[in-house]
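Structure file target03.pdb (PDB, C-alpha atoms) is printed below.
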```pdb
ATOM      1  CA  MET V1375      31.365 145.077 182.871
ATOM      2  CA  THR V1376      29.186 147.997 183.818
ATOM      3  CA  ILE V1377      29.113 149.864 187.089
ATOM      4  CA  ALA V1378      25.619 148.556 187.713
ATOM      5  CA  ALA V1379      26.929 145.022 187.230
ATOM      6  CA  LEU V1380      29.803 145.806 189.581
ATOM      7  CA  ARG V1381      27.413 147.120 192.199
ATOM      8  CA  ALA V1382      25.265 144.003 191.799
ATOM      9  CA  LEU V1383      28.398 141.877 192.193
ATOM     10  CA  ILE V1384      29.430 143.775 195.310
ATOM     11  CA  ASP V1385      25.920 143.581 196.773
ATOM     12  CA  GLU V1386      25.937 139.835 196.088
ATOM     13  CA  GLU V1387      29.396 139.304 197.602
ATOM     14  CA  LEU V1388      29.167 141.742 200.515
ATOM     15  CA  PRO V1389      25.512 142.499 201.272
ATOM     16  CA  ASP V1390      26.060 144.052 204.713
ATOM     17  CA  ILE V1391      28.673 146.649 203.712
ATOM     18  CA  PRO V1392      27.254 150.170 204.018
ATOM     19  CA  ARG V1393      27.565 152.092 200.757
ATOM     20  CA  HIS V1394      28.948 155.572 200.563
ATOM     21  CA  PRO V1395      26.246 157.980 199.398
ATOM     22  CA  ALA V1396      27.434 158.900 195.954
ATOM     23  CA  PRO V1397      25.915 160.750 193.056
ATOM     24  CA  ARG V1398      24.343 158.674 190.298
ATOM     25  CA  ILE V1399      27.029 157.482 187.901
ATOM     26  CA  PRO V1400      25.994 157.289 184.256
ATOM     27  CA  ARG V1401      26.124 153.897 182.591
ATOM     28  CA  ILE V1402      29.155 153.516 180.362
ATOM     29  CA  ARG V1403      29.843 150.347 178.445
ATOM     30  CA  TYR V1404      33.412 149.109 178.872
ATOM     31  CA  SER V1405      35.222 146.327 177.118
ATOM     32  CA  ALA V1406      38.719 144.951 177.194
ATOM     33  CA  LYS V1407      39.356 146.633 173.828
ATOM     34  CA  ASP V1408      38.754 150.070 175.376
ATOM     35  CA  THR V1409      41.486 149.613 177.958
ATOM     36  CA  PRO V1410      45.061 149.752 176.620
ATOM     37  CA  MET V1411      47.327 146.951 177.782
ATOM     38  CA  THR V1412      49.821 148.312 180.308
ATOM     39  CA  LEU V1413      52.251 146.628 182.601
ATOM     40  CA  PRO V1414      51.537 147.057 186.285
ATOM     41  CA  VAL V1415      53.630 149.708 187.969
ATOM     42  CA  PRO V1416      54.845 148.768 191.421
ATOM     43  CA  HIS V1417      53.331 151.094 193.978
ATOM     44  CA  PRO V1418      55.417 152.314 196.909
ATOM     45  CA  ARG V1419      54.393 150.951 200.266
ATOM     46  CA  PRO V1420      52.500 153.417 202.429
ATOM     47  CA  ALA V1421      54.535 155.193 205.082
ATOM     48  CA  ASN V1422      52.042 154.176 207.759
ATOM     49  CA  PRO V1423      50.952 150.587 207.193
ATOM     50  CA  PRO V1424      47.532 149.723 208.616
ATOM     51  CA  SER V1425      47.708 148.655 212.217
ATOM     52  CA  ALA V1426      46.341 145.377 213.492
ATOM     53  CA  GLU V1427      43.507 147.314 215.142
ATOM     54  CA  ASP V1428      42.229 148.729 211.823
ATOM     55  CA  PRO V1429      39.908 146.297 210.089
ATOM     56  CA  PRO V1430      41.147 145.542 206.559
ATOM     57  CA  ILE V1431      39.037 147.020 203.793
ATOM     58  CA  THR V1432      37.340 144.447 201.594
ATOM     59  CA  VAL V1433      37.726 144.385 197.832
ATOM     60  CA  GLY V1434      34.051 145.138 197.328
ATOM     61  CA  ALA V1435      34.187 148.140 199.633
ATOM     62  CA  LEU V1436      37.330 149.387 197.943
ATOM     63  CA  ILE V1437      35.778 149.140 194.461
ATOM     64  CA  ALA V1438      32.604 150.841 195.670
ATOM     65  CA  TRP V1439      34.746 153.644 197.090
ATOM     66  CA  ALA V1440      36.589 153.943 193.767
ATOM     67  CA  HIS V1441      33.332 154.166 191.783
ATOM     68  CA  ALA V1442      31.993 156.866 194.069
ATOM     69  CA  HIS V1443      35.218 158.891 194.004
ATOM     70  CA  THR V1444      35.391 162.295 192.363
ATOM     71  CA  ASP V1445      38.797 161.646 190.764
ATOM     72  CA  LYS V1446      38.390 160.260 187.256
ATOM     73  CA  GLY V1447      41.648 158.238 187.497
ATOM     74  CA  ILE V1448      40.467 156.453 190.638
ATOM     75  CA  ARG V1449      37.106 155.683 189.026
ATOM     76  CA  ARG V1450      38.969 154.244 186.008
ATOM     77  CA  LEU V1451      41.089 152.099 188.322
ATOM     78  CA  GLY V1452      37.910 150.903 190.029
ATOM     79  CA  ASP V1453      36.448 149.961 186.643
ATOM     80  CA  GLU V1454      39.612 148.081 185.692
ATOM     81  CA  ALA V1455      39.635 146.248 189.017
ATOM     82  CA  HIS V1456      35.994 145.342 188.579
ATOM     83  CA  LEU V1457      36.654 144.043 185.061
ATOM     84  CA  ALA V1458      39.640 142.047 186.313
ATOM     85  CA  LEU V1459      37.573 140.522 189.136
ATOM     86  CA  GLY V1460      34.836 139.549 186.702
ATOM     87  CA  THR V1461      37.381 137.898 184.427
ATOM     88  CA  LEU V1462      38.955 136.066 187.359
ATOM     89  CA  ARG V1463      35.534 134.890 188.524
ATOM     90  CA  ALA V1464      34.735 133.521 185.049
ATOM     91  CA  ARG V1465      38.114 131.747 184.767
ATOM     92  CA  HIS V1466      37.716 130.293 188.254
ATOM     93  CA  GLN V1467      34.288 128.923 187.334
ATOM     94  CA  GLU V1468      35.675 127.454 184.082
ATOM     95  CA  GLU V1469      38.505 125.719 185.939
ATOM     96  CA  GLN V1470      36.104 124.304 188.526
ATOM     97  CA  THR V1471      33.918 122.965 185.735
ATOM     98  CA  LEU V1472      36.945 121.444 183.983
ATOM     99  CA  SER V1473      38.049 119.842 187.246
ATOM    100  CA  GLU V1474      34.603 118.318 187.747
ATOM    101  CA  LEU V1475      34.569 117.034 184.166
ATOM    102  CA  ALA V1476      38.025 115.487 184.598
ATOM    103  CA  ALA V1477      36.815 113.690 187.724
ATOM    104  CA  LYS V1478      33.775 112.384 185.817
ATOM    105  CA  GLU V1479      36.037 111.277 182.972
ATOM    106  CA  THR V1480      38.249 109.335 185.389
ATOM    107  CA  GLU V1481      35.210 107.708 186.964
ATOM    108  CA  LEU V1482      33.851 106.704 183.547
ATOM    109  CA  GLU V1483      37.233 105.283 182.491
ATOM    110  CA  GLU V1484      37.315 103.167 185.659
ATOM    111  CA  ARG V1485      33.786 101.919 185.001
ATOM    112  CA  LEU V1486      34.699 101.163 181.381
ATOM    113  CA  ALA V1487      37.708  99.134 182.558
ATOM    114  CA  GLU V1488      35.414  97.154 184.876
ATOM    115  CA  VAL V1489      32.948  96.488 182.034
ATOM    116  CA  ARG V1490      35.756  95.381 179.719
ATOM    117  CA  ALA V1491      37.103  93.046 182.411
ATOM    118  CA  SER V1492      33.635  91.524 182.838
ATOM    119  CA  MET V1493      33.303  91.103 179.075
ATOM    120  CA  ALA V1494      36.706  89.410 178.911
ATOM    121  CA  GLN V1495      35.593  86.914 181.559
ATOM    122  CA  MET V1496      32.376  86.188 179.654
ATOM    123  CA  LYS V1497      34.076  85.482 176.299
ATOM    124  CA  PRO V1498      34.899  81.850 175.564
ATOM    125  CA  ARG V1499      38.544  81.055 176.031
ATOM    126  CA  LYS V1500      40.608  80.140 172.996
ATOM    127  CA  ARG V1501      42.182  76.733 173.001
ATOM    128  CA  LYS V1502      45.925  76.690 173.062
ATOM    129  CA  ALA V1503      47.619  74.687 170.373
ATOM    130  CA  PRO V1504      49.372  71.644 171.784
ATOM    131  CA  ALA V1505      53.107  71.999 172.184
ATOM    132  CA  ARG V1506      55.110  70.690 169.241
ATOM    133  CA  ASP V1507      57.285  67.691 169.706
ATOM    134  CA  TYR V1508      59.331  68.629 166.623
ATOM    135  CA  GLU V1509      61.222  71.477 165.024
ATOM    136  CA  PRO V1510      59.619  72.420 161.685
ATOM    137  CA  ALA V1511      63.041  73.204 160.120
ATOM    138  CA  THR V1512      64.297  69.724 161.098
ATOM    139  CA  VAL V1513      61.229  67.998 159.604
ATOM    140  CA  ARG V1514      61.471  70.021 156.372
ATOM    141  CA  ALA V1515      65.192  69.235 156.004
ATOM    142  CA  TRP V1516      64.468  65.513 156.508
ATOM    143  CA  ALA V1517      61.617  65.668 153.957
ATOM    144  CA  ARG V1518      63.835  67.362 151.329
ATOM    145  CA  ASP V1519      66.626  64.857 151.931
ATOM    146  CA  ASN V1520      64.176  61.978 151.469
ATOM    147  CA  ASN V1521      62.307  63.444 148.482
ATOM    148  CA  VAL V1522      59.070  63.853 150.451
ATOM    149  CA  PRO V1523      57.083  66.857 149.167
ATOM    150  CA  VAL V1524      56.692  69.497 151.892
ATOM    151  CA  PRO V1525      55.716  73.212 151.655
ATOM    152  CA  ALA V1526      58.481  75.716 152.351
ATOM    153  CA  MET V1527      56.242  77.640 154.746
ATOM    154  CA  GLY V1528      53.065  77.063 156.708
ATOM    155  CA  GLN V1529      51.780  73.941 158.361
ATOM    156  CA  ILE V1530      53.573  70.680 157.723
ATOM    157  CA  PRO V1531      51.138  68.055 156.396
ATOM    158  CA  ALA V1532      50.180  65.257 158.790
ATOM    159  CA  ALA V1533      51.454  62.590 156.338
ATOM    160  CA  VAL V1534      54.956  64.136 156.376
ATOM    161  CA  LEU V1535      54.943  64.310 160.195
ATOM    162  CA  THR V1536      53.782  60.696 160.418
ATOM    163  CA  ALA V1537      56.567  59.564 158.048
ATOM    164  CA  TRP V1538      59.140  61.577 160.044
ATOM    165  CA  ARG V1539      57.931  60.062 163.348
ATOM    166  CA  GLU V1540      58.043  56.515 161.886
ATOM    167  CA  ARG V1541      61.613  57.143 160.789
ATOM    168  CA  ASP V1542      62.350  58.273 164.332
ATOM    169  CA  ALA V1543      60.747  55.110 165.740
ATOM    170  CA  GLN V1544      62.708  52.826 163.344
ATOM    171  CA  GLY V1545      66.074  54.010 164.489
ATOM    172  CA  GLY V1546      66.517  57.505 163.183
ATOM    173  CA  ALA V1547      68.329  56.661 159.916
ATOM    174  CA  ALA V1548      67.038  58.052 156.686
TER     175      ALA V1548
END
```
How would this structure read if it were set down as structure tokens?
Amino acid sequence: MTIAALRALIDEELPDIPRHPAPRIPRIRYSAKDTPMTLPVPHPRPANPPSAEDPPITVGALIAWAHAHTDKGIRRLGDEAHLALGTLRARHQEEQTLSELAAKETELEERLAEVRASMAQMKPRKRKAPARDYEPATVRAWARDNNVPVPAMGQIPAAVLTAWRERDAQGGAA
């Protein structure tokens, strides 16, 4: 992110902060590849912490101060901070967008469930097969014992069931 972009960002975020009169800073293109990856070094706490009467300095004002500073190291730190803030802003926006999309997805899933429930109510109901009054294994065993042809699997023919029921009605003997 360039210094001009940083200044535009600061002016957008904090429009009423007075700017330090600083010499014109040349435009330099920076990228994440230009900055070596270093671990943050813990800084010692200042001997005199700011009192409650001192107004805290804003991030925008601090970065503007860093860009206007004569020390090259402080300007570099200001550039890094600006780059980090830009990256954080982009990530924050992405996460907000993802959150909104997740909420829309949940809403659509709920609506889809409602539509499917309505469709299920509109479909004709399937008839349930009547409950059997026999055990297929019992009928097949009876048919084999009495030389009545019956398939080993599947539906038992109506003629076999009728013969088995007549046997039952006549006294149960084969």
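Pairwise distance (atom CA of Gln1529 of chain V, atom CA of Tyr1508 of chain V) equals 12.4 Å.
One distance worth recording is that between atom CA of Gln1470 of chain V and atom CA of Thr1376 of chain V, which is 25.1 Å.
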Answer key for the PyMOL selection byres ((chain V and resi 1380) around 12), residues as a ChimeraX atom specification:
/V:1375-1379,1381-1388,1401,1404,1433-1441,1452-1460
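Take atom CA of Pro1525 of chain V and atom CA of Trp1538 of chain V: the distance between them is 14.7 Å.
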Spatial neighbours of Pro1531 of chain V, 12 Å, only C-alpha atoms, chain gap at least 4 places, as a PyMOL selection string: chain V and resi 1510+1513-1514+1517+1522-1527+1535-1538
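Residue nearest Arg1518 of chain V within the list V:Ala1442, V:Ala1477, V:Val1534, V:Ile1448: V:Val1534 [criterion: smallest interatomic distance, all atoms listed in the file].
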Around segment 1494-1511 of chain V, fit a box with edges along x, y and z, padding it by 4 Å on each side, then list its centre and edge lengths in Å to one decimal as JSON.
```
{"center_x": 47.7, "center_y": 78.6, "center_z": 170.8, "size_x": 38.7, "size_y": 29.7, "size_z": 29.4}
```
Of V:Ile1530, V:Val1489, V:Ala1494, V:Ala1464, the one nearest to Glu1509 of chain V when counting only C-alpha atoms is V:Ile1530
